[in-house]
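Asker: Right, I'll just put the structure down here and ask away after.
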Amino acid sequence: MTISQISYTDNQPMLLSQYQNEFIEAGCDEAGRGCLAGPVFAAAVIFPKDYYNPILNDSKKLSEKKRNELRPIIEKEALAFAVGIITPQEIDKINIHNASYKAMHLAIDALQVAPEFLIIDGNKFIPYQTLPHACIVKGDGKYLAIAAASILAKTYRDEYMDSIAGEFPQYEWKSNKGYPTIVHRKAVLAHGHTIHHRKTFRVTDPQLKLEL
């Protein structure tokens with residue numbers, strides 16, 4: 001089978017893809033796309049052939065404790081992994097969609113094993129060089145490499161947000177990680193933006209009244 005003949009199905013959840021034995025395949029995912037503050041992080045992961053881990057799943061379906069337990073396991077057992085980061089300032093310049101794809105590209109650039117095929121969480125992707133890829137909606141709940149990438153992206157990003165939370169405690173990044181919670185949006189309206197905020201993101205929601 002050639003790469004051009006590859007198609008992906010949903011009938012084998014949380015496994016390596018059915019083509020992992022034929023191609024060196026990297027799973028990619030991002031974290032922080034919908035946040036008001038902080039960078040967007042992305043990860044790329046390549047697992048050995050026939051790899052299996054029954055605990056791996058979409059990072060959103062796992063507790064913070066379980067994600068943090070899985071991160072060193074992924075890093076130890078993967079053939080290769082890497083993380084890419086795009087700053088809030090660059091997000092404002094190129095928009096969050098392009099920033100998410102660029103973060104994935106940076107992660108792929110940093111892999112110490114060259115992939116032959118990419119599986120991407122979601123329905124869109126900007127091609128990486130000439131490398132073939134497949135976009136898989138909710139792929140982080142279907143394929144191990146994407147699930148692992150989602151966990152790495154999420155844990156590295158959460159760790160970063162925790163590290164800067166003390167600089168601006170009024171935004172409560174320790175708990176909201178930069179996402180647009182009511183507390184976070186009220187803080188932006190009351191105190192303004194910081195150097196960590198994405199200034200092109202809308203703070204208020206016309207369907208939700210914020211009482212200050």
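We label chains A, B, ... in the order they appear in the structure tokens, count residues from 1 in each chain, and number ligands from 1 in the order shown.
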Would you mind listing what lies within 12 Å of Lys65 of chain A as a list in words, with only C-alpha atoms counted and same-chain residues fewer than 6 positions away left out?

Answerer: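 Close residues of Lys65 of chain A: Ser59, Arg71, Ile151 and Thr155 of chain A.
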
Asker: Can you list, as a list in words, every protein, DNA or RNA residue that comes within 12 Å of segment 165-168 of chain A when you count only C-alpha atoms, leaving out same-chain residues fewer than 6 positions away?

Answerer: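 Once the nearby chain positions are removed, what remains is Ala37, Gly38, Asp158, Glu159, Lys174, Ser175, Asn176, Lys177, Gly178, His184, Ala187, Val188, His191, Gly192, His193, Thr194, Ile195, His196 and His197 of chain A.
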
Asker: Determine which residues of chain A receive a DSSP assignment of alpha helix (DSSP H), computed from the backbone, and state them as a PyMOL selection string.

Answerer: chain A and resi 64-77+88-94+96-110+144-165+173-176+182-191

Asker: From the list A:Ala42, A:Ala190, A:Val113, A:Ile86, which residue is nearest Ile24 of chain A when using only C-alpha atoms?

Answerer: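 Selected residue with least distance to Ile24 of chain A: A:Val113.
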
Asker: Need the shell around Ile108 of chain A: protein/DNA/RNA residues with any atom at most 12 Å away, counting only C-alpha atoms. Skip same-chain ones fewer than 4 positions apart. Format as an mmCIF file with N, CA, C and O atoms, in the first residue's frame?

Answerer:
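Result file is out-v8.cif:
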data_model
loop_
_atom_site.group_PDB
_atom_site.id
_atom_site.type_symbol
_atom_site.label_atom_id
_atom_site.label_comp_id
_atom_site.auth_asym_id
_atom_site.auth_seq_id
_atom_site.Cartn_x
_atom_site.Cartn_y
_atom_site.Cartn_z
ATOM 1 N N GLU A 25 5.052 7.174 11.658
ATOM 2 C CA GLU A 25 3.905 8.073 11.729
ATOM 3 C C GLU A 25 3.950 8.906 13.003
ATOM 4 O O GLU A 25 4.161 8.371 14.092
ATOM 5 N N ALA A 26 3.763 10.201 12.874
ATOM 6 C CA ALA A 26 3.726 11.104 14.018
ATOM 7 C C ALA A 26 2.314 11.627 14.220
ATOM 8 O O ALA A 26 1.659 12.047 13.266
ATOM 9 N N GLY A 27 1.848 11.592 15.460
ATOM 10 C CA GLY A 27 0.573 12.205 15.821
ATOM 11 C C GLY A 27 0.805 13.605 16.348
ATOM 12 O O GLY A 27 1.780 13.853 17.078
ATOM 13 N N CYS A 28 -0.071 14.543 15.974
ATOM 14 C CA CYS A 28 0.099 15.952 16.353
ATOM 15 C C CYS A 28 -1.183 16.516 16.943
ATOM 16 O O CYS A 28 -2.282 16.231 16.457
ATOM 17 N N ASP A 29 -1.036 17.340 17.963
ATOM 18 C CA ASP A 29 -2.180 18.039 18.549
ATOM 19 C C ASP A 29 -1.687 19.308 19.216
ATOM 20 O O ASP A 29 -0.484 19.485 19.442
ATOM 21 N N ALA A 42 1.978 22.960 20.915
ATOM 22 C CA ALA A 42 1.643 21.785 20.123
ATOM 23 C C ALA A 42 2.710 20.732 20.348
ATOM 24 O O ALA A 42 3.856 21.048 20.691
ATOM 25 N N ALA A 43 2.329 19.470 20.179
ATOM 26 C CA ALA A 43 3.279 18.380 20.348
ATOM 27 C C ALA A 43 3.164 17.412 19.187
ATOM 28 O O ALA A 43 2.115 17.309 18.540
ATOM 29 N N ALA A 44 4.246 16.703 18.939
ATOM 30 C CA ALA A 44 4.287 15.626 17.957
ATOM 31 C C ALA A 44 4.906 14.409 18.626
ATOM 32 O O ALA A 44 5.894 14.540 19.358
ATOM 33 N N VAL A 45 4.310 13.242 18.397
ATOM 34 C CA VAL A 45 4.766 12.011 19.060
ATOM 35 C C VAL A 45 4.835 10.874 18.048
ATOM 36 O O VAL A 45 3.905 10.682 17.247
ATOM 37 N N ILE A 46 5.923 10.123 18.093
ATOM 38 C CA ILE A 46 6.074 8.909 17.298
ATOM 39 C C ILE A 46 6.246 7.737 18.267
ATOM 40 O O ILE A 46 7.146 7.752 19.118
ATOM 41 N N ALA A 80 10.134 9.170 19.546
ATOM 42 C CA ALA A 80 10.503 10.585 19.476
ATOM 43 C C ALA A 80 9.306 11.419 19.896
ATOM 44 O O ALA A 80 8.158 11.031 19.678
ATOM 45 N N PHE A 81 9.582 12.560 20.502
ATOM 46 C CA PHE A 81 8.527 13.528 20.831
ATOM 47 C C PHE A 81 9.149 14.915 20.831
ATOM 48 O O PHE A 81 10.359 15.069 21.026
ATOM 49 N N ALA A 82 8.313 15.912 20.610
ATOM 50 C CA ALA A 82 8.789 17.293 20.645
ATOM 51 C C ALA A 82 7.596 18.224 20.846
ATOM 52 O O ALA A 82 6.445 17.857 20.559
ATOM 53 N N VAL A 83 7.886 19.422 21.333
ATOM 54 C CA VAL A 83 6.854 20.419 21.615
ATOM 55 C C VAL A 83 7.225 21.724 20.920
ATOM 56 O O VAL A 83 8.398 22.123 20.911
ATOM 57 N N GLY A 84 6.226 22.364 20.314
ATOM 58 C CA GLY A 84 6.403 23.665 19.681
ATOM 59 C C GLY A 84 5.558 24.718 20.369
ATOM 60 O O GLY A 84 4.470 24.412 20.868
ATOM 61 N N ILE A 85 6.044 25.953 20.394
ATOM 62 C CA ILE A 85 5.379 27.040 21.125
ATOM 63 C C ILE A 85 5.311 28.282 20.246
ATOM 64 O O ILE A 85 6.301 28.664 19.622
ATOM 65 N N TYR A 101 -1.076 25.733 13.689
ATOM 66 C CA TYR A 101 -0.398 24.903 12.699
ATOM 67 C C TYR A 101 1.116 25.130 12.751
ATOM 68 O O TYR A 101 1.902 24.181 12.606
ATOM 69 N N LYS A 102 1.523 26.383 12.953
ATOM 70 C CA LYS A 102 2.965 26.675 13.019
ATOM 71 C C LYS A 102 3.588 25.995 14.230
ATOM 72 O O LYS A 102 4.718 25.490 14.149
ATOM 73 N N ALA A 103 2.871 25.976 15.364
ATOM 74 C CA ALA A 103 3.379 25.285 16.550
ATOM 75 C C ALA A 103 3.569 23.803 16.266
ATOM 76 O O ALA A 103 4.557 23.185 16.693
ATOM 77 N N MET A 104 2.625 23.197 15.523
ATOM 78 C CA MET A 104 2.783 21.792 15.131
ATOM 79 C C MET A 104 4.014 21.620 14.240
ATOM 80 O O MET A 104 4.791 20.677 14.405
ATOM 81 N N GLN A 112 13.421 13.926 16.669
ATOM 82 C CA GLN A 112 14.728 13.330 16.402
ATOM 83 C C GLN A 112 14.636 12.106 15.489
ATOM 84 O O GLN A 112 15.655 11.554 15.092
ATOM 85 N N VAL A 113 13.414 11.693 15.184
ATOM 86 C CA VAL A 113 13.164 10.661 14.188
ATOM 87 C C VAL A 113 12.297 11.289 13.100
ATOM 88 O O VAL A 113 11.275 11.912 13.410
ATOM 89 N N ALA A 114 12.668 11.160 11.856
ATOM 90 C CA ALA A 114 11.924 11.802 10.771
ATOM 91 C C ALA A 114 10.655 11.009 10.461
ATOM 92 O O ALA A 114 10.729 9.828 10.108
ATOM 93 N N PRO A 115 9.486 11.627 10.571
ATOM 94 C CA PRO A 115 8.254 10.917 10.241
ATOM 95 C C PRO A 115 8.047 10.819 8.729
ATOM 96 O O PRO A 115 8.579 11.629 7.971
ATOM 97 N N GLU A 116 7.276 9.816 8.333
ATOM 98 C CA GLU A 116 6.916 9.644 6.920
ATOM 99 C C GLU A 116 5.460 10.016 6.670
ATOM 100 O O GLU A 116 5.049 10.187 5.523
ATOM 101 N N PHE A 117 4.698 10.135 7.741
ATOM 102 C CA PHE A 117 3.278 10.456 7.624
ATOM 103 C C PHE A 117 2.830 11.125 8.914
ATOM 104 O O PHE A 117 3.330 10.794 9.997
ATOM 105 N N LEU A 118 1.883 12.065 8.799
ATOM 106 C CA LEU A 118 1.369 12.776 9.968
ATOM 107 C C LEU A 118 -0.113 12.509 10.140
ATOM 108 O O LEU A 118 -0.862 12.510 9.157
ATOM 109 N N ILE A 119 -0.530 12.279 11.371
ATOM 110 C CA ILE A 119 -1.963 12.264 11.677
ATOM 111 C C ILE A 119 -2.234 13.444 12.608
ATOM 112 O O ILE A 119 -1.589 13.600 13.644
ATOM 113 N N ILE A 120 -3.174 14.285 12.195
ATOM 114 C CA ILE A 120 -3.428 15.569 12.831
ATOM 115 C C ILE A 120 -4.806 15.572 13.480
ATOM 116 O O ILE A 120 -5.799 15.172 12.851
ATOM 117 N N PRO A 127 -0.099 21.955 5.265
ATOM 118 C CA PRO A 127 0.872 20.884 5.020
ATOM 119 C C PRO A 127 2.270 21.241 5.499
ATOM 120 O O PRO A 127 2.724 22.390 5.383
ATOM 121 N N TYR A 128 2.929 20.236 6.041
ATOM 122 C CA TYR A 128 4.306 20.387 6.499
ATOM 123 C C TYR A 128 5.244 19.919 5.386
ATOM 124 O O TYR A 128 5.307 18.726 5.064
ATOM 125 N N GLN A 129 5.934 20.892 4.779
ATOM 126 C CA GLN A 129 6.828 20.598 3.659
ATOM 127 C C GLN A 129 6.082 19.721 2.637
ATOM 128 O O GLN A 129 5.003 20.061 2.194
ATOM 129 N N LEU A 131 5.432 16.442 3.308
ATOM 130 C CA LEU A 131 5.040 15.250 4.057
ATOM 131 C C LEU A 131 3.528 15.042 3.970
ATOM 132 O O LEU A 131 2.746 15.959 4.239
ATOM 133 N N ALA A 149 0.154 13.231 22.023
ATOM 134 C CA ALA A 149 0.493 14.609 21.677
ATOM 135 C C ALA A 149 -0.401 15.594 22.422
ATOM 136 O O ALA A 149 0.054 16.651 22.876
#

Asker: If we count only C-alpha atoms, what is near Asp121 of chain A at a cut-off of 10 Å, once residues fewer than 6 positions away on the same chain are taken out, given as a count of residues only?

Answerer: 18

Asker: Identify, on the basis of only C-alpha atoms, every residue whose closest approach to Thr87 of chain A does not exceed 9 Å; exclude the query and any residue fewer than 6 positions from it along the same chain; express the result as number ranges by chain.

Answerer: A: 38-41, 99, 196, 198

Asker: Please build the interface table for segment 105-206 of chain A against segment 89-98 of chain A with a cut-off of 8 Å, listing for each qualifying residue the nearest atom pair and the distance in Å to one decimal; count only C-alpha atoms, order rows by chain and increasing number, and write it as a tab-separated table.

Answerer:
residue	atom	partner	partner_atom	distance
A:Ile126	CA	A:Asn98	CA	8.0
A:Arg198	CA	A:Asp92	CA	6.1
A:Lys199	CA	A:Asp92	CA	6.6
A:Thr200	CA	A:Asp92	CA	5.7

Asker: Which of these residues is nearest to Tyr156 of chain A, using only C-alpha atoms: A:Pro72, A:Leu111, A:Asp58, A:Phe23?

Answerer: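 Among the listed residues, the smallest separation from Tyr156 of chain A belongs to A:Pro72.
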
Asker: I need the residues in segment 52-182 of chain A that are strand (DSSP E) according to DSSP; give them as a list in words.

Answerer: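 Filtering segment 52-182 of chain A to strand (DSSP E) leaves Ala80, Phe81, Ala82, Val83, Gly84, Ile85, Ile86, Phe117, Leu118, Ile119, Ile120, Asp121, His133, Ala134, Cys135 and Ile136 of chain A.
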
Asker: Restricted to N, CA and C atoms, what would the selected residues look like written as a PDB file, in the first residue's frame?

Answerer:
ATOM      1  N   ALA A  80      10.134   9.170  19.546  1.00  0.00           N
ATOM      2  CA  ALA A  80      10.503  10.585  19.476  1.00  0.00           C
ATOM      3  C   ALA A  80       9.306  11.419  19.896  1.00  0.00           C
ATOM      4  N   PHE A  81       9.582  12.560  20.502  1.00  0.00           N
ATOM      5  CA  PHE A  81       8.527  13.528  20.831  1.00  0.00           C
ATOM      6  C   PHE A  81       9.149  14.915  20.831  1.00  0.00           C
ATOM      7  N   ALA A  82       8.313  15.912  20.610  1.00  0.00           N
ATOM      8  CA  ALA A  82       8.789  17.293  20.645  1.00  0.00           C
ATOM      9  C   ALA A  82       7.596  18.224  20.846  1.00  0.00           C
ATOM     10  N   VAL A  83       7.886  19.422  21.333  1.00  0.00           N
ATOM     11  CA  VAL A  83       6.854  20.419  21.615  1.00  0.00           C
ATOM     12  C   VAL A  83       7.225  21.724  20.920  1.00  0.00           C
ATOM     13  N   GLY A  84       6.226  22.364  20.314  1.00  0.00           N
ATOM     14  CA  GLY A  84       6.403  23.665  19.681  1.00  0.00           C
ATOM     15  C   GLY A  84       5.558  24.718  20.369  1.00  0.00           C
ATOM     16  N   ILE A  85       6.044  25.953  20.394  1.00  0.00           N
ATOM     17  CA  ILE A  85       5.379  27.040  21.125  1.00  0.00           C
ATOM     18  C   ILE A  85       5.311  28.282  20.246  1.00  0.00           C
ATOM     19  N   ILE A  86       4.131  28.927  20.234  1.00  0.00           N
ATOM     20  CA  ILE A  86       3.961  30.215  19.558  1.00  0.00           C
ATOM     21  C   ILE A  86       3.458  31.229  20.584  1.00  0.00           C
ATOM     22  N   PHE A 117       4.698  10.135   7.741  1.00  0.00           N
ATOM     23  CA  PHE A 117       3.278  10.456   7.624  1.00  0.00           C
ATOM     24  C   PHE A 117       2.830  11.125   8.914  1.00  0.00           C
ATOM     25  N   LEU A 118       1.883  12.065   8.799  1.00  0.00           N
ATOM     26  CA  LEU A 118       1.369  12.776   9.968  1.00  0.00           C
ATOM     27  C   LEU A 118      -0.113  12.509  10.140  1.00  0.00           C
ATOM     28  N   ILE A 119      -0.530  12.279  11.371  1.00  0.00           N
ATOM     29  CA  ILE A 119      -1.963  12.264  11.677  1.00  0.00           C
ATOM     30  C   ILE A 119      -2.234  13.444  12.608  1.00  0.00           C
ATOM     31  N   ILE A 120      -3.174  14.285  12.195  1.00  0.00           N
ATOM     32  CA  ILE A 120      -3.428  15.569  12.831  1.00  0.00           C
ATOM     33  C   ILE A 120      -4.806  15.572  13.480  1.00  0.00           C
ATOM     34  N   ASP A 121      -4.878  16.038  14.724  1.00  0.00           N
ATOM     35  CA  ASP A 121      -6.192  16.180  15.353  1.00  0.00           C
ATOM     36  C   ASP A 121      -6.925  17.362  14.736  1.00  0.00           C
ATOM     37  N   HIS A 133      -0.265  13.865   5.029  1.00  0.00           N
ATOM     38  CA  HIS A 133      -0.916  13.885   6.334  1.00  0.00           C
ATOM     39  C   HIS A 133      -2.390  13.518   6.198  1.00  0.00           C
ATOM     40  N   ALA A 134      -2.999  13.189   7.325  1.00  0.00           N
ATOM     41  CA  ALA A 134      -4.445  12.981   7.394  1.00  0.00           C
ATOM     42  C   ALA A 134      -4.974  13.746   8.587  1.00  0.00           C
ATOM     43  N   CYS A 135      -6.055  14.490   8.385  1.00  0.00           N
ATOM     44  CA  CYS A 135      -6.734  15.195   9.474  1.00  0.00           C
ATOM     45  C   CYS A 135      -7.851  14.293  10.010  1.00  0.00           C
ATOM     46  N   ILE A 136      -7.927  14.170  11.315  1.00  0.00           N
ATOM     47  CA  ILE A 136      -8.879  13.256  11.935  1.00  0.00           C
ATOM     48  C   ILE A 136      -9.646  14.009  13.015  1.00  0.00           C
TER      49      ILE A 136
END

Asker: Could you tell me which of A:Thr130, A:Asn123, A:Ser163, A:Thr204 comes closest to Val183 of chain A if we count only C-alpha atoms?

Answerer: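 Once distances to Val183 of chain A are computed over only C-alpha atoms, the minimum belongs to A:Thr204.
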
Asker: Please compute the atom CA of Lys49 of chain A-atom CA of Leu79 of chain A distance, one decimal, in Å.

Answerer: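 Going from atom CA of Lys49 of chain A over to atom CA of Leu79 of chain A, I get 9.5 Å.
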
Asker: In Å, with one decimal, what is the gap from atom CA of Pro169 of chain A to atom CA of Gly32 of chain A?

Answerer: 19.3 Å
